[in-house]
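Structure below is target.csv: CSV, N, CA and C atoms.
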```
chain,number,residue,atom,x,y,z
A,3,CYS,N,-9.5,-57.1,-71.6
A,3,CYS,CA,-10.6,-58.0,-71.5
A,3,CYS,C,-11.9,-57.2,-71.7
A,4,ALA,N,-12.8,-57.8,-72.4
A,4,ALA,CA,-14.1,-57.2,-72.6
A,4,ALA,C,-14.9,-57.3,-71.3
A,5,PRO,N,-15.7,-56.3,-70.9
A,5,PRO,CA,-16.5,-56.4,-69.7
A,5,PRO,C,-17.6,-57.4,-69.9
A,6,SER,N,-17.9,-58.1,-68.8
A,6,SER,CA,-18.9,-59.1,-68.8
A,6,SER,C,-20.3,-58.5,-68.9
A,7,ASP,N,-21.3,-59.2,-69.5
A,7,ASP,CA,-22.6,-58.8,-69.6
A,7,ASP,C,-23.3,-58.7,-68.2
A,8,ASN,N,-22.9,-59.6,-67.3
A,8,ASN,CA,-23.5,-59.6,-66.0
A,8,ASN,C,-22.4,-59.6,-64.9
A,9,SER,N,-22.3,-58.5,-64.2
A,9,SER,CA,-21.3,-58.3,-63.2
A,9,SER,C,-21.6,-59.1,-61.9
A,10,ASP,N,-22.8,-59.7,-61.8
A,10,ASP,CA,-23.1,-60.4,-60.6
A,10,ASP,C,-22.4,-61.8,-60.5
A,11,PHE,N,-21.9,-62.3,-61.6
A,11,PHE,CA,-21.3,-63.6,-61.7
A,11,PHE,C,-19.8,-63.5,-62.0
A,12,VAL,N,-19.1,-64.4,-61.4
A,12,VAL,CA,-17.7,-64.6,-61.6
A,12,VAL,C,-17.4,-66.0,-62.1
A,13,LYS,N,-16.4,-66.2,-62.9
A,13,LYS,CA,-16.0,-67.5,-63.3
A,13,LYS,C,-15.2,-68.1,-62.1
A,14,LEU,N,-15.5,-69.4,-61.8
A,14,LEU,CA,-14.8,-70.0,-60.7
A,14,LEU,C,-14.3,-71.4,-61.1
A,15,ASP,N,-13.0,-71.6,-60.9
A,15,ASP,CA,-12.3,-72.8,-61.2
A,15,ASP,C,-12.2,-73.6,-59.9
A,16,ILE,N,-12.9,-74.7,-59.8
A,16,ILE,CA,-13.0,-75.4,-58.5
A,16,ILE,C,-11.9,-76.4,-58.3
A,17,ARG,N,-11.0,-76.5,-59.2
A,17,ARG,CA,-9.8,-77.4,-59.1
A,17,ARG,C,-8.9,-76.8,-58.0
A,18,LEU,N,-8.3,-77.7,-57.2
A,18,LEU,CA,-7.4,-77.2,-56.2
A,18,LEU,C,-6.0,-77.0,-56.7
A,19,ILE,N,-5.3,-75.9,-56.3
A,19,ILE,CA,-4.0,-75.7,-56.6
A,19,ILE,C,-3.1,-76.5,-55.6
A,20,ALA,N,-2.1,-77.1,-56.1
A,20,ALA,CA,-1.2,-78.0,-55.3
A,20,ALA,C,-0.7,-77.1,-54.1
A,21,GLY,N,-0.9,-77.6,-52.9
A,21,GLY,CA,-0.6,-76.9,-51.7
A,21,GLY,C,0.2,-77.8,-50.7
A,22,SER,N,0.0,-77.6,-49.5
A,22,SER,CA,0.7,-78.4,-48.5
A,22,SER,C,0.1,-79.9,-48.5
A,23,PRO,N,1.0,-80.8,-48.3
A,23,PRO,CA,0.5,-82.2,-48.3
A,23,PRO,C,-0.5,-82.5,-47.2
A,24,THR,N,-1.5,-83.4,-47.5
A,24,THR,CA,-2.5,-83.7,-46.5
A,24,THR,C,-1.9,-84.6,-45.5
A,25,VAL,N,-2.6,-84.6,-44.3
A,25,VAL,CA,-2.2,-85.4,-43.2
A,25,VAL,C,-2.4,-86.9,-43.6
A,26,SER,N,-1.5,-87.7,-43.4
A,26,SER,CA,-1.6,-89.1,-43.7
A,26,SER,C,-2.6,-89.8,-42.8
A,27,LYS,N,-3.5,-90.6,-43.5
A,27,LYS,CA,-4.5,-91.4,-42.7
A,27,LYS,C,-3.9,-92.4,-41.8
A,28,SER,N,-2.6,-92.8,-42.1
A,28,SER,CA,-2.0,-93.8,-41.3
A,28,SER,C,-1.7,-93.4,-39.9
A,29,GLN,N,-1.8,-92.1,-39.6
A,29,GLN,CA,-1.6,-91.6,-38.2
A,29,GLN,C,-2.7,-92.1,-37.3
A,30,ASN,N,-3.9,-92.5,-37.9
A,30,ASN,CA,-5.0,-93.1,-37.1
A,30,ASN,C,-5.4,-92.3,-35.8
A,31,ILE,N,-5.4,-91.0,-35.9
A,31,ILE,CA,-5.6,-90.1,-34.8
A,31,ILE,C,-7.0,-90.5,-34.2
A,32,GLN,N,-8.0,-90.7,-35.0
A,32,GLN,CA,-9.3,-90.9,-34.4
A,32,GLN,C,-9.4,-92.2,-33.6
A,33,ASN,N,-8.5,-93.1,-33.7
A,33,ASN,CA,-8.5,-94.3,-32.9
A,33,ASN,C,-7.6,-94.2,-31.6
A,34,ARG,N,-6.6,-93.3,-31.7
A,34,ARG,CA,-5.7,-93.1,-30.6
A,34,ARG,C,-6.2,-92.1,-29.6
A,35,SER,N,-7.2,-91.3,-29.9
A,35,SER,CA,-7.7,-90.3,-29.0
A,35,SER,C,-8.4,-90.9,-27.8
A,36,PHE,N,-8.4,-90.1,-26.7
A,36,PHE,CA,-9.2,-90.4,-25.5
A,36,PHE,C,-10.7,-90.3,-25.8
A,37,SER,N,-11.0,-89.7,-26.9
A,37,SER,CA,-12.4,-89.5,-27.3
A,37,SER,C,-12.5,-89.9,-28.8
A,38,PRO,N,-12.4,-91.3,-29.1
A,38,PRO,CA,-12.3,-91.7,-30.5
A,38,PRO,C,-13.6,-91.5,-31.2
A,39,TRP,N,-13.4,-91.4,-32.6
A,39,TRP,CA,-14.6,-91.2,-33.4
A,39,TRP,C,-14.5,-92.0,-34.7
A,40,ASP,N,-15.6,-92.1,-35.4
A,40,ASP,CA,-15.7,-92.7,-36.7
A,40,ASP,C,-16.1,-91.7,-37.7
A,41,TYR,N,-15.8,-91.9,-39.0
A,41,TYR,CA,-16.2,-91.0,-40.1
A,41,TYR,C,-17.4,-91.6,-40.9
A,42,THR,N,-18.3,-90.8,-41.3
A,42,THR,CA,-19.3,-91.2,-42.2
A,42,THR,C,-19.3,-90.3,-43.4
A,43,ALA,N,-19.6,-90.8,-44.6
A,43,ALA,CA,-19.6,-89.9,-45.8
A,43,ALA,C,-21.0,-89.3,-46.0
A,44,ASP,N,-21.0,-88.0,-46.0
A,44,ASP,CA,-22.3,-87.2,-46.3
A,44,ASP,C,-22.2,-86.8,-47.8
A,45,ARG,N,-23.0,-87.5,-48.6
A,45,ARG,CA,-23.0,-87.3,-50.0
A,45,ARG,C,-24.2,-86.4,-50.5
A,46,ASP,N,-23.9,-85.5,-51.3
A,46,ASP,CA,-24.9,-84.6,-51.9
A,46,ASP,C,-24.5,-84.2,-53.3
A,47,PRO,N,-25.2,-84.7,-54.3
A,47,PRO,CA,-24.8,-84.5,-55.7
A,47,PRO,C,-25.0,-83.0,-56.1
A,48,ASN,N,-25.7,-82.2,-55.3
A,48,ASN,CA,-25.9,-80.8,-55.6
A,48,ASN,C,-25.0,-79.9,-54.8
A,49,ARG,N,-23.9,-80.4,-54.3
A,49,ARG,CA,-23.0,-79.7,-53.5
A,49,ARG,C,-21.5,-80.0,-54.0
A,50,TYR,N,-20.7,-78.9,-53.9
A,50,TYR,CA,-19.2,-79.2,-54.1
A,50,TYR,C,-18.5,-78.7,-52.9
A,51,PRO,N,-17.8,-79.6,-52.2
A,51,PRO,CA,-17.5,-81.0,-52.6
A,51,PRO,C,-18.7,-81.9,-52.4
A,52,PHE,N,-18.8,-82.9,-53.3
A,52,PHE,CA,-19.9,-83.8,-53.3
A,52,PHE,C,-20.0,-84.7,-52.0
A,53,VAL,N,-18.8,-85.0,-51.5
A,53,VAL,CA,-18.7,-85.8,-50.3
A,53,VAL,C,-18.0,-85.0,-49.2
A,54,ILE,N,-18.6,-85.0,-48.0
A,54,ILE,CA,-18.0,-84.4,-46.8
A,54,ILE,C,-18.0,-85.5,-45.8
A,55,TYR,N,-16.8,-85.7,-45.2
A,55,TYR,CA,-16.7,-86.7,-44.1
A,55,TYR,C,-17.0,-86.1,-42.8
A,56,GLN,N,-18.0,-86.6,-42.1
A,56,GLN,CA,-18.5,-86.1,-40.8
A,56,GLN,C,-18.0,-87.1,-39.7
A,57,ALA,N,-17.4,-86.6,-38.6
A,57,ALA,CA,-17.0,-87.4,-37.5
A,57,ALA,C,-18.2,-87.7,-36.6
A,58,LYS,N,-18.2,-88.8,-35.9
A,58,LYS,CA,-19.3,-89.1,-34.9
A,58,LYS,C,-18.5,-89.8,-33.7
A,59,CYS,N,-18.7,-89.2,-32.5
A,59,CYS,CA,-18.0,-89.7,-31.3
A,59,CYS,C,-18.5,-91.2,-31.1
A,60,ARG,N,-17.6,-92.1,-30.8
A,60,ARG,CA,-18.0,-93.5,-30.5
A,60,ARG,C,-18.6,-93.6,-29.1
A,61,TYR,N,-18.3,-92.8,-28.2
A,61,TYR,CA,-18.7,-93.0,-26.8
A,61,TYR,C,-19.3,-91.7,-26.2
A,62,LEU,N,-20.1,-91.8,-25.2
A,62,LEU,CA,-20.6,-90.6,-24.5
A,62,LEU,C,-19.5,-90.2,-23.5
A,63,GLY,N,-18.8,-91.2,-22.9
A,63,GLY,CA,-17.7,-90.9,-22.0
A,63,GLY,C,-16.4,-90.9,-22.8
A,64,CYS,N,-15.2,-90.9,-22.1
A,64,CYS,CA,-13.9,-90.9,-22.7
A,64,CYS,C,-13.3,-92.3,-22.4
A,65,VAL,N,-12.2,-92.6,-23.1
A,65,VAL,CA,-11.5,-93.9,-22.9
A,65,VAL,C,-10.4,-93.6,-22.0
A,66,ASN,N,-10.2,-94.5,-21.0
A,66,ASN,CA,-9.1,-94.3,-20.0
A,66,ASN,C,-7.9,-95.1,-20.5
A,67,ALA,N,-6.9,-95.1,-19.7
A,67,ALA,CA,-5.6,-95.7,-20.1
A,67,ALA,C,-5.7,-97.2,-20.4
A,68,GLU,N,-6.7,-97.9,-19.7
A,68,GLU,CA,-6.9,-99.3,-19.9
A,68,GLU,C,-7.8,-99.6,-21.1
A,69,GLY,N,-8.3,-98.5,-21.8
A,69,GLY,CA,-9.1,-98.7,-23.0
A,69,GLY,C,-10.6,-98.9,-22.7
A,70,LYS,N,-11.0,-98.6,-21.4
A,70,LYS,CA,-12.4,-98.7,-21.0
A,70,LYS,C,-13.0,-97.3,-21.0
A,71,GLU,N,-14.4,-97.3,-21.2
A,71,GLU,CA,-15.1,-96.0,-21.2
A,71,GLU,C,-15.2,-95.5,-19.8
A,72,ASP,N,-14.8,-94.2,-19.6
A,72,ASP,CA,-14.9,-93.5,-18.3
A,72,ASP,C,-16.0,-92.5,-18.4
A,73,MET,N,-17.1,-92.7,-17.6
A,73,MET,CA,-18.2,-91.8,-17.7
A,73,MET,C,-18.0,-90.5,-16.9
A,74,SER,N,-16.9,-90.4,-16.2
A,74,SER,CA,-16.6,-89.2,-15.4
A,74,SER,C,-16.2,-88.0,-16.3
A,75,MET,N,-15.9,-88.3,-17.6
A,75,MET,CA,-15.6,-87.3,-18.6
A,75,MET,C,-16.5,-87.5,-19.7
A,76,ASN,N,-16.6,-86.5,-20.6
A,76,ASN,CA,-17.5,-86.5,-21.7
A,76,ASN,C,-16.8,-86.4,-23.0
A,77,SER,N,-17.2,-87.2,-24.0
A,77,SER,CA,-16.7,-87.0,-25.4
A,77,SER,C,-17.7,-86.0,-26.1
A,78,VAL,N,-17.1,-85.0,-26.7
A,78,VAL,CA,-17.9,-84.0,-27.4
A,78,VAL,C,-17.4,-83.8,-28.8
A,79,PRO,N,-18.3,-83.5,-29.8
A,79,PRO,CA,-17.8,-83.2,-31.1
A,79,PRO,C,-17.1,-81.9,-31.3
A,80,ILE,N,-16.1,-81.9,-32.2
A,80,ILE,CA,-15.4,-80.6,-32.6
A,80,ILE,C,-16.0,-80.2,-33.9
A,81,GLN,N,-16.6,-79.1,-34.0
A,81,GLN,CA,-17.3,-78.7,-35.2
A,81,GLN,C,-16.7,-77.4,-35.8
A,82,ARG,N,-16.7,-77.4,-37.1
A,82,ARG,CA,-16.2,-76.2,-37.9
A,82,ARG,C,-17.1,-75.8,-39.0
A,83,GLU,N,-17.3,-74.5,-39.1
A,83,GLU,CA,-18.1,-74.0,-40.2
A,83,GLU,C,-17.2,-73.9,-41.4
A,84,THR,N,-17.7,-74.4,-42.6
A,84,THR,CA,-16.9,-74.3,-43.8
A,84,THR,C,-17.8,-73.9,-45.0
A,85,LEU,N,-17.3,-73.4,-46.0
A,85,LEU,CA,-18.0,-73.0,-47.2
A,85,LEU,C,-18.0,-74.1,-48.2
A,86,VAL,N,-19.2,-74.3,-48.8
A,86,VAL,CA,-19.3,-75.2,-50.0
A,86,VAL,C,-20.0,-74.5,-51.1
A,87,LEU,N,-20.1,-75.1,-52.2
A,87,LEU,CA,-20.8,-74.5,-53.4
A,87,LEU,C,-22.1,-75.4,-53.6
A,88,ARG,N,-23.2,-74.7,-53.6
A,88,ARG,CA,-24.5,-75.4,-53.8
A,88,ARG,C,-25.0,-75.1,-55.2
A,89,ARG,N,-25.3,-76.2,-55.9
A,89,ARG,CA,-25.9,-76.1,-57.3
A,89,ARG,C,-27.3,-75.6,-57.2
A,90,LYS,N,-27.6,-74.6,-57.9
A,90,LYS,CA,-29.0,-74.0,-58.0
A,90,LYS,C,-29.5,-74.1,-59.5
A,91,THR,N,-30.8,-74.2,-59.6
A,91,THR,CA,-31.3,-74.2,-61.0
A,91,THR,C,-32.5,-73.2,-61.0
A,92,GLU,N,-32.5,-72.4,-62.0
A,92,GLU,CA,-33.6,-71.5,-62.3
A,92,GLU,C,-33.9,-71.6,-63.8
A,93,GLY,N,-35.0,-72.3,-64.0
A,93,GLY,CA,-35.4,-72.6,-65.4
A,93,GLY,C,-34.3,-73.5,-66.1
A,94,CYS,N,-33.7,-73.0,-67.1
A,94,CYS,CA,-32.6,-73.8,-67.8
A,94,CYS,C,-31.2,-73.4,-67.3
A,95,ASN,N,-31.2,-72.4,-66.4
A,95,ASN,CA,-29.9,-71.9,-65.9
A,95,ASN,C,-29.4,-72.6,-64.7
A,96,VAL,N,-28.2,-73.1,-64.7
A,96,VAL,CA,-27.6,-73.7,-63.5
A,96,VAL,C,-26.5,-72.9,-63.0
A,97,TYR,N,-26.4,-72.6,-61.7
A,97,TYR,CA,-25.3,-71.8,-61.2
A,97,TYR,C,-25.0,-72.4,-59.8
A,98,PHE,N,-23.9,-71.9,-59.2
A,98,PHE,CA,-23.5,-72.4,-57.9
A,98,PHE,C,-23.5,-71.2,-56.9
A,99,GLN,N,-24.0,-71.4,-55.7
A,99,GLN,CA,-24.0,-70.4,-54.7
A,99,GLN,C,-23.3,-70.8,-53.5
A,100,MET,N,-22.5,-69.9,-52.8
A,100,MET,CA,-21.8,-70.3,-51.6
A,100,MET,C,-22.8,-70.6,-50.5
A,101,GLU,N,-22.5,-71.6,-49.7
A,101,GLU,CA,-23.3,-71.9,-48.5
A,101,GLU,C,-22.4,-72.3,-47.4
A,102,LYS,N,-22.8,-72.0,-46.2
A,102,LYS,CA,-22.1,-72.4,-45.0
A,102,LYS,C,-22.7,-73.7,-44.5
A,103,VAL,N,-21.8,-74.7,-44.2
A,103,VAL,CA,-22.2,-75.9,-43.6
A,103,VAL,C,-21.3,-76.2,-42.3
A,104,LEU,N,-21.9,-76.9,-41.4
A,104,LEU,CA,-21.2,-77.2,-40.1
A,104,LEU,C,-20.7,-78.7,-40.3
A,105,VAL,N,-19.4,-78.8,-40.2
A,105,VAL,CA,-18.8,-80.1,-40.3
A,105,VAL,C,-18.2,-80.6,-39.0
A,106,THR,N,-18.5,-81.8,-38.6
A,106,THR,CA,-17.9,-82.3,-37.4
A,106,THR,C,-16.6,-83.0,-37.8
A,107,VAL,N,-15.5,-82.5,-37.3
A,107,VAL,CA,-14.1,-82.9,-37.8
A,107,VAL,C,-13.5,-83.9,-36.8
A,108,GLY,N,-14.0,-84.0,-35.6
A,108,GLY,CA,-13.4,-85.0,-34.7
A,108,GLY,C,-14.1,-84.9,-33.3
A,109,CYS,N,-13.5,-85.5,-32.3
A,109,CYS,CA,-14.1,-85.4,-31.0
A,109,CYS,C,-13.0,-85.1,-30.0
A,110,THR,N,-13.4,-84.6,-28.8
A,110,THR,CA,-12.4,-84.3,-27.8
A,110,THR,C,-13.0,-84.7,-26.4
A,111,CYS,N,-12.2,-84.9,-25.4
A,111,CYS,CA,-12.6,-85.3,-24.1
A,111,CYS,C,-12.6,-84.0,-23.2
A,112,VAL,N,-13.7,-83.8,-22.5
A,112,VAL,CA,-13.9,-82.6,-21.7
A,112,VAL,C,-14.4,-83.0,-20.3
A,113,THR,N,-14.2,-82.2,-19.3
A,113,THR,CA,-14.9,-82.4,-18.0
A,113,THR,C,-16.4,-82.1,-18.2
A,114,PRO,N,-17.2,-82.8,-17.5
A,114,PRO,CA,-18.7,-82.6,-17.7
A,114,PRO,C,-19.1,-81.3,-17.1
A,115,ARG,N,-20.2,-80.8,-17.6
A,115,ARG,CA,-20.8,-79.6,-17.0
A,115,ARG,C,-21.6,-80.0,-15.8
A,116,VAL,N,-21.4,-79.3,-14.7
A,116,VAL,CA,-22.1,-79.7,-13.5
A,116,VAL,C,-23.0,-78.5,-13.1
A,117,TYR,N,-24.3,-78.8,-13.0
A,117,TYR,CA,-25.3,-77.7,-12.6
A,117,TYR,C,-25.7,-77.9,-11.2
A,118,GLN,N,-25.7,-76.9,-10.4
A,118,GLN,CA,-26.2,-77.0,-9.0
A,118,GLN,C,-27.7,-76.7,-9.0
A,119,VAL,N,-28.4,-77.6,-8.4
A,119,VAL,CA,-29.9,-77.4,-8.3
A,119,VAL,C,-30.2,-76.8,-7.0
A,120,GLY,N,-31.1,-75.8,-7.1
A,120,GLY,CA,-31.6,-75.2,-5.8
A,120,GLY,C,-31.1,-73.9,-5.5
```
Would you give me this structure, written as structure tokens?
Amino acid sequence: CAPSDNSDFVKLDIRLIAGSPTVSKSQNIQNRSFSPWDYTADRDPNRYPFVIYQAKCRYLGCVNAEGKEDMSMNSVPIQRETLVLRRKTEGCNVYFQMEKVLVTVGCTCVTPRVYQVG
């Protein structure tokens, strides 16, 4: 292969290679959790992937066995840092740059933090 004119850039194919099957949405984990959550679509046309689904906890407390909110426990988000590609433009040139984003992937139930005053 002939050397590239600019060694700062690499060619990137953003199509996914077939890998392990994704978890089926029918498992409904976000509704069965003691700390249930809902997903919202975060859309950005200058990012790849264009859509990232963010979880948002439904309650401040956790759900007990009767399905009622229990404020003696706390629902907290589970977050993960992931890499995305950000579209950049300089004059007529368009390129993609890697960027870290924080994605909320679900919620979990935890004991509350208790601070002693005094």
For this session: In Å, rounded to a single decimal, give me how far atom N of Gln29 of chain A is from atom CA of Tyr50 of chain A.
Result: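 Atom CA of Tyr50 of chain A sits 26.1 Å away from atom N of Gln29 of chain A.
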Min atom-atom distance to Arg115 of chain A from the set A:Met75, A:Val53, A:Cys59, A:Ile31, counting all atoms listed in the file, belongs to A:Met75
Item to complete: May I have all residues of segment 12-120 of chain A that DSSP, computed from the backbone, assigns to alpha helix (DSSP H), given as an MDAnalysis selection string?
Response: chainID A and resid 31:34
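Between atom C of Thr84 of chain A and atom N of Leu104 of chain A lies a distance of 6.2 Å.
Counting only C-alpha atoms, the residue from A:Gly108, A:Pro114, A:Gly93, A:Gly120 that sits nearest to Ser37 of chain A is A:Gly108.
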Between A:Ile80, A:Leu14, A:Val107, A:Met100, smallest distance to Gln56 of chain A by only N, CA and C atoms belongs to A:Val107
- Can you check which residues of segment 20-118 of chain A DSSP gives as strand (DSSP E) on the backbone and send them as a ChimeraX atom specification? /A:39-45,49-50,53-59,64-65,71-72,76-92,95-112
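Distance-wise, atom N of Val105 of chain A and atom CA of Asp40 of chain A end up 14.8 Å apart.
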